[in-house]
file entry.txt (compact mmCIF, N, CA and C atoms)
# COMPACT_ATOMS: atom_id res chain seq x y z
N MET A 1 0.84 -1.19 0.00
CA MET A 1 0.00 0.00 0.00
C MET A 1 0.88 1.24 0.00
N GLN A 2 0.53 2.20 -0.82
CA GLN A 2 1.28 3.45 -0.91
C GLN A 2 0.86 4.40 0.20
N SER A 3 1.80 5.23 0.63
CA SER A 3 1.46 6.23 1.65
C SER A 3 0.93 7.49 0.97
N GLN A 4 0.24 8.29 1.75
CA GLN A 4 -0.33 9.52 1.21
C GLN A 4 0.76 10.52 0.85
N LEU A 5 0.51 11.29 -0.19
CA LEU A 5 1.37 12.40 -0.56
C LEU A 5 0.81 13.64 0.12
N LYS A 6 1.57 14.23 1.01
CA LYS A 6 1.10 15.37 1.79
C LYS A 6 1.53 16.66 1.12
N ILE A 7 0.53 17.50 0.83
CA ILE A 7 0.72 18.70 0.01
C ILE A 7 0.22 19.92 0.77
N LEU A 8 1.04 20.96 0.82
CA LEU A 8 0.62 22.24 1.40
C LEU A 8 0.19 23.16 0.27
N PHE A 9 -1.03 23.65 0.34
CA PHE A 9 -1.59 24.54 -0.68
C PHE A 9 -1.76 25.92 -0.04
N ILE A 10 -0.97 26.88 -0.51
CA ILE A 10 -0.97 28.23 0.05
C ILE A 10 -1.56 29.19 -0.98
N ASP A 11 -2.74 29.72 -0.66
CA ASP A 11 -3.40 30.67 -1.56
C ASP A 11 -4.36 31.51 -0.75
N ASP A 12 -4.41 32.80 -1.04
CA ASP A 12 -5.29 33.70 -0.29
C ASP A 12 -6.72 33.71 -0.83
N HIS A 13 -6.99 33.00 -1.89
CA HIS A 13 -8.35 32.90 -2.43
C HIS A 13 -8.96 31.58 -1.96
N SER A 14 -9.82 31.66 -0.96
CA SER A 14 -10.34 30.44 -0.33
C SER A 14 -11.12 29.56 -1.30
N GLY A 15 -11.87 30.15 -2.21
CA GLY A 15 -12.63 29.36 -3.16
C GLY A 15 -11.74 28.49 -4.03
N LEU A 16 -10.69 29.07 -4.54
CA LEU A 16 -9.74 28.33 -5.37
C LEU A 16 -9.04 27.26 -4.54
N ARG A 17 -8.52 27.66 -3.40
CA ARG A 17 -7.77 26.75 -2.53
C ARG A 17 -8.64 25.56 -2.09
N ASP A 18 -9.84 25.84 -1.61
CA ASP A 18 -10.71 24.78 -1.09
C ASP A 18 -11.24 23.87 -2.19
N SER A 19 -11.68 24.46 -3.29
CA SER A 19 -12.28 23.63 -4.35
C SER A 19 -11.23 22.80 -5.07
N LEU A 20 -10.08 23.36 -5.36
CA LEU A 20 -9.05 22.60 -6.07
C LEU A 20 -8.51 21.47 -5.19
N SER A 21 -8.27 21.72 -3.92
CA SER A 21 -7.80 20.65 -3.04
C SER A 21 -8.86 19.57 -2.89
N PHE A 22 -10.12 19.96 -2.79
CA PHE A 22 -11.21 18.98 -2.69
C PHE A 22 -11.26 18.09 -3.93
N LEU A 23 -11.21 18.71 -5.10
CA LEU A 23 -11.28 17.94 -6.35
C LEU A 23 -10.09 16.99 -6.50
N LEU A 24 -8.91 17.46 -6.17
CA LEU A 24 -7.72 16.62 -6.31
C LEU A 24 -7.72 15.47 -5.30
N GLU A 25 -8.17 15.73 -4.07
CA GLU A 25 -8.27 14.65 -3.07
C GLU A 25 -9.30 13.61 -3.49
N LYS A 26 -10.41 14.09 -4.08
CA LYS A 26 -11.46 13.18 -4.53
C LYS A 26 -10.97 12.32 -5.69
N LYS A 27 -10.18 12.91 -6.56
CA LYS A 27 -9.63 12.20 -7.73
C LYS A 27 -8.59 11.16 -7.31
N ASN A 28 -7.79 11.51 -6.32
CA ASN A 28 -6.73 10.61 -5.86
C ASN A 28 -6.69 10.60 -4.33
N PRO A 29 -7.19 9.55 -3.70
CA PRO A 29 -7.24 9.49 -2.24
C PRO A 29 -5.87 9.44 -1.58
N LEU A 30 -4.81 9.27 -2.36
CA LEU A 30 -3.47 9.30 -1.79
C LEU A 30 -2.96 10.73 -1.56
N PHE A 31 -3.69 11.72 -2.05
CA PHE A 31 -3.34 13.12 -1.80
C PHE A 31 -3.97 13.57 -0.49
N LYS A 32 -3.16 14.20 0.37
CA LYS A 32 -3.65 14.80 1.61
C LYS A 32 -3.21 16.25 1.59
N PHE A 33 -4.19 17.17 1.58
CA PHE A 33 -3.89 18.59 1.50
C PHE A 33 -3.93 19.26 2.87
N TYR A 34 -2.98 20.14 3.08
CA TYR A 34 -2.98 21.07 4.20
C TYR A 34 -3.14 22.44 3.57
N LEU A 35 -4.01 23.26 4.14
CA LEU A 35 -4.35 24.54 3.51
C LEU A 35 -3.90 25.72 4.38
N ALA A 36 -3.40 26.74 3.71
CA ALA A 36 -2.99 27.96 4.39
C ALA A 36 -3.36 29.15 3.52
N SER A 37 -3.80 30.23 4.18
CA SER A 37 -4.22 31.42 3.43
C SER A 37 -3.15 32.50 3.37
N ASP A 38 -2.09 32.36 4.16
CA ASP A 38 -1.02 33.35 4.15
C ASP A 38 0.29 32.69 4.59
N LEU A 39 1.37 33.45 4.52
CA LEU A 39 2.69 32.89 4.80
C LEU A 39 2.87 32.52 6.27
N ASP A 40 2.27 33.28 7.18
CA ASP A 40 2.38 32.95 8.60
C ASP A 40 1.73 31.61 8.90
N ARG A 41 0.54 31.38 8.37
CA ARG A 41 -0.14 30.10 8.57
C ARG A 41 0.60 28.96 7.88
N ALA A 42 1.17 29.25 6.73
CA ALA A 42 1.94 28.23 6.01
C ALA A 42 3.16 27.80 6.82
N GLU A 43 3.84 28.77 7.40
CA GLU A 43 5.02 28.46 8.21
C GLU A 43 4.64 27.60 9.43
N LEU A 44 3.54 27.94 10.10
CA LEU A 44 3.07 27.14 11.23
C LEU A 44 2.71 25.72 10.79
N CYS A 45 2.05 25.62 9.66
CA CYS A 45 1.66 24.32 9.14
C CYS A 45 2.88 23.46 8.82
N LEU A 46 3.89 24.05 8.22
CA LEU A 46 5.11 23.31 7.89
C LEU A 46 5.85 22.86 9.15
N LYS A 47 5.87 23.71 10.16
CA LYS A 47 6.55 23.35 11.41
C LYS A 47 5.84 22.21 12.13
N SER A 48 4.51 22.19 12.07
CA SER A 48 3.76 21.17 12.79
C SER A 48 3.50 19.91 11.94
N ASN A 49 3.82 19.95 10.66
CA ASN A 49 3.62 18.80 9.77
C ASN A 49 4.87 18.60 8.90
N PRO A 50 5.96 18.12 9.49
CA PRO A 50 7.21 17.98 8.72
C PRO A 50 7.13 16.94 7.61
N GLU A 51 6.07 16.15 7.59
CA GLU A 51 5.92 15.13 6.55
C GLU A 51 5.41 15.71 5.23
N ILE A 52 5.07 16.99 5.19
CA ILE A 52 4.65 17.63 3.94
C ILE A 52 5.82 17.60 2.96
N SER A 53 5.55 17.12 1.74
CA SER A 53 6.64 16.98 0.78
C SER A 53 6.52 17.91 -0.43
N ILE A 54 5.35 18.51 -0.63
CA ILE A 54 5.14 19.40 -1.77
C ILE A 54 4.36 20.64 -1.31
N ALA A 55 4.71 21.79 -1.87
CA ALA A 55 3.94 23.01 -1.60
C ALA A 55 3.50 23.62 -2.93
N ILE A 56 2.23 23.96 -3.00
CA ILE A 56 1.69 24.72 -4.13
C ILE A 56 1.47 26.12 -3.61
N VAL A 57 2.17 27.10 -4.19
CA VAL A 57 2.21 28.43 -3.62
C VAL A 57 1.73 29.48 -4.61
N ASP A 58 0.80 30.31 -4.16
CA ASP A 58 0.38 31.49 -4.91
C ASP A 58 1.55 32.48 -4.86
N LEU A 59 1.98 32.96 -6.01
CA LEU A 59 3.13 33.86 -6.03
C LEU A 59 2.82 35.27 -5.56
N ASN A 60 1.54 35.61 -5.43
CA ASN A 60 1.15 36.93 -4.94
C ASN A 60 0.10 36.75 -3.84
N LEU A 61 0.57 36.67 -2.61
CA LEU A 61 -0.30 36.46 -1.46
C LEU A 61 -0.62 37.79 -0.79
N ASN A 62 -1.77 38.33 -1.09
CA ASN A 62 -2.16 39.62 -0.51
C ASN A 62 -1.07 40.68 -0.66
N GLY A 63 -0.45 40.72 -1.82
CA GLY A 63 0.57 41.71 -2.08
C GLY A 63 1.96 41.29 -1.63
N GLU A 64 2.10 40.14 -0.95
CA GLU A 64 3.40 39.65 -0.53
C GLU A 64 3.95 38.67 -1.57
N ASP A 65 5.25 38.54 -1.59
CA ASP A 65 5.91 37.59 -2.47
C ASP A 65 5.77 36.19 -1.89
N GLY A 66 5.09 35.28 -2.58
CA GLY A 66 4.90 33.93 -2.11
C GLY A 66 6.17 33.11 -2.03
N LEU A 67 7.23 33.57 -2.65
CA LEU A 67 8.50 32.83 -2.62
C LEU A 67 9.34 33.12 -1.39
N VAL A 68 8.91 34.04 -0.55
CA VAL A 68 9.64 34.40 0.65
C VAL A 68 9.73 33.24 1.63
N LEU A 69 8.70 32.42 1.66
CA LEU A 69 8.63 31.30 2.59
C LEU A 69 9.79 30.38 2.37

call {"tool": "encode", "arguments": {"input": "entry.txt", "output": "structure tokens"}}
result
Amino acid sequence: MQSQLKILFIDDHSGLRDSLSFLLEKKNPLFKFYLASDLDRAELCLKSNPEISIAIVDLNLNGEDGLVL
């Protein structure tokens, strides 16, 4: 049995973030999404979930550079 792929999805648009993660999890049950709306929440999520292996990052988070993280 394969283990889940843990993905952090960082985007300030909740509709996009929630719907895309829902659709991808439904399509592939091996995907487990962690969601964050800003860089502070993303950093907390990464610290508390070191098993996250992929991050999908909005490059413009409320006017901040998404690559700063």

call {"tool": "closest_residue", "arguments": {"input": "entry.txt", "among": "A:Lys27, A:Arg17, A:Lys6, A:Lys32", "to": "Glu51 of chain A", "atoms": "all atoms listed in the file"}}
result
A:Lys6

call {"tool": "residues_near_point", "arguments": {"input": "entry.txt", "point": "(2.6, 24.3, -2.4)", "cutoff": "7 Å", "atoms": "only N, CA and C atoms", "output": "ChimeraX atom specification"}}
result
/A:7-10,54-58

call {"tool": "select_by_dssp", "arguments": {"input": "entry.txt", "residues": "chain A", "states": "helix (DSSP H, G or I)", "output": "list in words"}}
result
Ser14, Gly15, Leu16, Arg17, Asp18, Ser19, Leu20, Ser21, Phe22, Leu23, Leu24, Glu25, Lys26, Lys27, Leu39, Asp40, Arg41, Ala42, Glu43, Leu44, Cys45, Leu46, Lys47, Ser48, Gly66, Leu67 and Val68 of chain A

call {"tool": "atom_distance", "arguments": {"input": "entry.txt", "atom1": "atom C of Phe33 of chain A", "atom2": "atom CA of Ser21 of chain A"}}
result
7.2 Å

call {"tool": "closest_residue", "arguments": {"input": "entry.txt", "among": "A:Leu16, A:Phe22, A:Leu61, A:Gln4", "to": "Arg41 of chain A", "atoms": "only C-alpha atoms"}}
result
A:Leu61

call {"tool": "select_by_dssp", "arguments": {"input": "entry.txt", "residues": "chain A", "states": "strand (DSSP E)", "output": "PyMOL selection string"}}
result
chain A and resi 5-10+31-36+54-57+60-61+64-65

call {"tool": "residues_around", "arguments": {"input": "entry.txt", "residues": "Asp18 of chain A", "least_positions_apart": "6", "cutoff": "8 Å", "atoms": "all atoms listed in the file", "output": "JSON, numbers by chain"}}
result
{"A": [11, 24, 35]}

call {"tool": "closest_residue", "arguments": {"input": "entry.txt", "among": "A:Ala36, A:Glu25, A:Leu30, A:Lys47", "to": "Asp12 of chain A", "atoms": "all atoms listed in the file"}}
result
A:Ala36

call {"tool": "atom_distance", "arguments": {"input": "entry.txt", "atom1": "atom CA of Gln2 of chain A", "atom2": "atom C of Ser48 of chain A"}}
result
21.0 Å

call {"tool": "atom_distance", "arguments": {"input": "entry.txt", "atom1": "atom CA of Leu5 of chain A", "atom2": "atom CA of Tyr34 of chain A"}}
result
10.8 Å

call {"tool": "decode", "arguments": {"input": "entry.txt", "residues": "segment 11-53 of chain A", "atoms": "N, CA and C atoms", "output": "PDB file, in the first residue's frame"}}
result
ATOM      1  N   ASP A  11      -2.737  29.722  -0.662  1.00  0.00           N
ATOM      2  CA  ASP A  11      -3.399  30.668  -1.560  1.00  0.00           C
ATOM      3  C   ASP A  11      -4.364  31.508  -0.749  1.00  0.00           C
ATOM      4  N   ASP A  12      -4.412  32.801  -1.036  1.00  0.00           N
ATOM      5  CA  ASP A  12      -5.288  33.701  -0.292  1.00  0.00           C
ATOM      6  C   ASP A  12      -6.721  33.714  -0.827  1.00  0.00           C
ATOM      7  N   HIS A  13      -6.993  33.003  -1.888  1.00  0.00           N
ATOM      8  CA  HIS A  13      -8.349  32.898  -2.430  1.00  0.00           C
ATOM      9  C   HIS A  13      -8.957  31.580  -1.955  1.00  0.00           C
ATOM     10  N   SER A  14      -9.819  31.657  -0.965  1.00  0.00           N
ATOM     11  CA  SER A  14     -10.343  30.445  -0.326  1.00  0.00           C
ATOM     12  C   SER A  14     -11.125  29.563  -1.300  1.00  0.00           C
ATOM     13  N   GLY A  15     -11.867  30.148  -2.206  1.00  0.00           N
ATOM     14  CA  GLY A  15     -12.635  29.360  -3.163  1.00  0.00           C
ATOM     15  C   GLY A  15     -11.743  28.489  -4.028  1.00  0.00           C
ATOM     16  N   LEU A  16     -10.693  29.069  -4.542  1.00  0.00           N
ATOM     17  CA  LEU A  16      -9.745  28.325  -5.373  1.00  0.00           C
ATOM     18  C   LEU A  16      -9.043  27.257  -4.544  1.00  0.00           C
ATOM     19  N   ARG A  17      -8.520  27.658  -3.403  1.00  0.00           N
ATOM     20  CA  ARG A  17      -7.772  26.747  -2.527  1.00  0.00           C
ATOM     21  C   ARG A  17      -8.636  25.561  -2.090  1.00  0.00           C
ATOM     22  N   ASP A  18      -9.841  25.839  -1.615  1.00  0.00           N
ATOM     23  CA  ASP A  18     -10.712  24.784  -1.088  1.00  0.00           C
ATOM     24  C   ASP A  18     -11.240  23.872  -2.190  1.00  0.00           C
ATOM     25  N   SER A  19     -11.679  24.459  -3.291  1.00  0.00           N
ATOM     26  CA  SER A  19     -12.279  23.632  -4.346  1.00  0.00           C
ATOM     27  C   SER A  19     -11.233  22.797  -5.069  1.00  0.00           C
ATOM     28  N   LEU A  20     -10.076  23.360  -5.359  1.00  0.00           N
ATOM     29  CA  LEU A  20      -9.048  22.602  -6.066  1.00  0.00           C
ATOM     30  C   LEU A  20      -8.511  21.466  -5.193  1.00  0.00           C
ATOM     31  N   SER A  21      -8.274  21.723  -3.921  1.00  0.00           N
ATOM     32  CA  SER A  21      -7.795  20.654  -3.040  1.00  0.00           C
ATOM     33  C   SER A  21      -8.859  19.565  -2.886  1.00  0.00           C
ATOM     34  N   PHE A  22     -10.124  19.955  -2.794  1.00  0.00           N
ATOM     35  CA  PHE A  22     -11.210  18.979  -2.686  1.00  0.00           C
ATOM     36  C   PHE A  22     -11.264  18.091  -3.926  1.00  0.00           C
ATOM     37  N   LEU A  23     -11.213  18.713  -5.102  1.00  0.00           N
ATOM     38  CA  LEU A  23     -11.279  17.943  -6.347  1.00  0.00           C
ATOM     39  C   LEU A  23     -10.088  16.989  -6.502  1.00  0.00           C
ATOM     40  N   LEU A  24      -8.913  17.459  -6.166  1.00  0.00           N
ATOM     41  CA  LEU A  24      -7.724  16.616  -6.311  1.00  0.00           C
ATOM     42  C   LEU A  24      -7.719  15.469  -5.300  1.00  0.00           C
ATOM     43  N   GLU A  25      -8.168  15.725  -4.069  1.00  0.00           N
ATOM     44  CA  GLU A  25      -8.266  14.653  -3.073  1.00  0.00           C
ATOM     45  C   GLU A  25      -9.300  13.613  -3.494  1.00  0.00           C
ATOM     46  N   LYS A  26     -10.409  14.088  -4.076  1.00  0.00           N
ATOM     47  CA  LYS A  26     -11.457  13.183  -4.525  1.00  0.00           C
ATOM     48  C   LYS A  26     -10.966  12.320  -5.690  1.00  0.00           C
ATOM     49  N   LYS A  27     -10.179  12.914  -6.563  1.00  0.00           N
ATOM     50  CA  LYS A  27      -9.632  12.204  -7.730  1.00  0.00           C
ATOM     51  C   LYS A  27      -8.588  11.165  -7.309  1.00  0.00           C
ATOM     52  N   ASN A  28      -7.787  11.515  -6.315  1.00  0.00           N
ATOM     53  CA  ASN A  28      -6.732  10.609  -5.858  1.00  0.00           C
ATOM     54  C   ASN A  28      -6.694  10.602  -4.331  1.00  0.00           C
ATOM     55  N   PRO A  29      -7.194   9.548  -3.701  1.00  0.00           N
ATOM     56  CA  PRO A  29      -7.244   9.493  -2.239  1.00  0.00           C
ATOM     57  C   PRO A  29      -5.866   9.444  -1.578  1.00  0.00           C
ATOM     58  N   LEU A  30      -4.812   9.273  -2.364  1.00  0.00           N
ATOM     59  CA  LEU A  30      -3.468   9.303  -1.787  1.00  0.00           C
ATOM     60  C   LEU A  30      -2.962  10.725  -1.558  1.00  0.00           C
ATOM     61  N   PHE A  31      -3.690  11.718  -2.048  1.00  0.00           N
ATOM     62  CA  PHE A  31      -3.342  13.117  -1.803  1.00  0.00           C
ATOM     63  C   PHE A  31      -3.966  13.567  -0.488  1.00  0.00           C
ATOM     64  N   LYS A  32      -3.161  14.198   0.368  1.00  0.00           N
ATOM     65  CA  LYS A  32      -3.653  14.801   1.607  1.00  0.00           C
ATOM     66  C   LYS A  32      -3.210  16.252   1.590  1.00  0.00           C
ATOM     67  N   PHE A  33      -4.193  17.168   1.585  1.00  0.00           N
ATOM     68  CA  PHE A  33      -3.889  18.592   1.505  1.00  0.00           C
ATOM     69  C   PHE A  33      -3.934  19.261   2.867  1.00  0.00           C
ATOM     70  N   TYR A  34      -2.979  20.139   3.083  1.00  0.00           N
ATOM     71  CA  TYR A  34      -2.976  21.074   4.203  1.00  0.00           C
ATOM     72  C   TYR A  34      -3.139  22.444   3.571  1.00  0.00           C
ATOM     73  N   LEU A  35      -4.007  23.262   4.142  1.00  0.00           N
ATOM     74  CA  LEU A  35      -4.348  24.538   3.514  1.00  0.00           C
ATOM     75  C   LEU A  35      -3.903  25.715   4.379  1.00  0.00           C
ATOM     76  N   ALA A  36      -3.395  26.739   3.708  1.00  0.00           N
ATOM     77  CA  ALA A  36      -2.992  27.963   4.395  1.00  0.00           C
ATOM     78  C   ALA A  36      -3.359  29.152   3.522  1.00  0.00           C
ATOM     79  N   SER A  37      -3.798  30.230   4.176  1.00  0.00           N
ATOM     80  CA  SER A  37      -4.220  31.416   3.434  1.00  0.00           C
ATOM     81  C   SER A  37      -3.149  32.501   3.370  1.00  0.00           C
ATOM     82  N   ASP A  38      -2.092  32.358   4.162  1.00  0.00           N
ATOM     83  CA  ASP A  38      -1.016  33.349   4.150  1.00  0.00           C
ATOM     84  C   ASP A  38       0.294  32.692   4.587  1.00  0.00           C
ATOM     85  N   LEU A  39       1.373  33.454   4.517  1.00  0.00           N
ATOM     86  CA  LEU A  39       2.689  32.893   4.801  1.00  0.00           C
ATOM     87  C   LEU A  39       2.869  32.520   6.266  1.00  0.00           C
ATOM     88  N   ASP A  40       2.267  33.280   7.176  1.00  0.00           N
ATOM     89  CA  ASP A  40       2.379  32.955   8.599  1.00  0.00           C
ATOM     90  C   ASP A  40       1.734  31.606   8.897  1.00  0.00           C
ATOM     91  N   ARG A  41       0.541  31.382   8.367  1.00  0.00           N
ATOM     92  CA  ARG A  41      -0.138  30.104   8.571  1.00  0.00           C
ATOM     93  C   ARG A  41       0.604  28.963   7.880  1.00  0.00           C
ATOM     94  N   ALA A  42       1.168  29.247   6.732  1.00  0.00           N
ATOM     95  CA  ALA A  42       1.939  28.228   6.009  1.00  0.00           C
ATOM     96  C   ALA A  42       3.163  27.803   6.817  1.00  0.00           C
ATOM     97  N   GLU A  43       3.838  28.774   7.403  1.00  0.00           N
ATOM     98  CA  GLU A  43       5.016  28.455   8.214  1.00  0.00           C
ATOM     99  C   GLU A  43       4.636  27.605   9.427  1.00  0.00           C
ATOM    100  N   LEU A  44       3.544  27.940  10.095  1.00  0.00           N
ATOM    101  CA  LEU A  44       3.072  27.141  11.230  1.00  0.00           C
ATOM    102  C   LEU A  44       2.707  25.725  10.794  1.00  0.00           C
ATOM    103  N   CYS A  45       2.055  25.617   9.665  1.00  0.00           N
ATOM    104  CA  CYS A  45       1.659  24.321   9.141  1.00  0.00           C
ATOM    105  C   CYS A  45       2.881  23.458   8.818  1.00  0.00           C
ATOM    106  N   LEU A  46       3.895  24.053   8.215  1.00  0.00           N
ATOM    107  CA  LEU A  46       5.114  23.314   7.886  1.00  0.00           C
ATOM    108  C   LEU A  46       5.849  22.859   9.145  1.00  0.00           C
ATOM    109  N   LYS A  47       5.870  23.711  10.164  1.00  0.00           N
ATOM    110  CA  LYS A  47       6.549  23.347  11.406  1.00  0.00           C
ATOM    111  C   LYS A  47       5.837  22.205  12.125  1.00  0.00           C
ATOM    112  N   SER A  48       4.514  22.194  12.069  1.00  0.00           N
ATOM    113  CA  SER A  48       3.762  21.168  12.789  1.00  0.00           C
ATOM    114  C   SER A  48       3.503  19.911  11.943  1.00  0.00           C
ATOM    115  N   ASN A  49       3.824  19.952  10.665  1.00  0.00           N
ATOM    116  CA  ASN A  49       3.625  18.802   9.768  1.00  0.00           C
ATOM    117  C   ASN A  49       4.866  18.601   8.898  1.00  0.00           C
ATOM    118  N   PRO A  50       5.959  18.117   9.492  1.00  0.00           N
ATOM    119  CA  PRO A  50       7.206  17.984   8.719  1.00  0.00           C
ATOM    120  C   PRO A  50       7.132  16.943   7.609  1.00  0.00           C
ATOM    121  N   GLU A  51       6.067  16.146   7.591  1.00  0.00           N
ATOM    122  CA  GLU A  51       5.924  15.130   6.547  1.00  0.00           C
ATOM    123  C   GLU A  51       5.407  15.708   5.231  1.00  0.00           C
ATOM    124  N   ILE A  52       5.073  16.989   5.187  1.00  0.00           N
ATOM    125  CA  ILE A  52       4.647  17.630   3.938  1.00  0.00           C
ATOM    126  C   ILE A  52       5.818  17.603   2.957  1.00  0.00           C
ATOM    127  N   SER A  53       5.549  17.117   1.743  1.00  0.00           N
ATOM    128  CA  SER A  53       6.642  16.983   0.778  1.00  0.00           C
ATOM    129  C   SER A  53       6.520  17.909  -0.429  1.00  0.00           C
TER     130      SER A  53
END
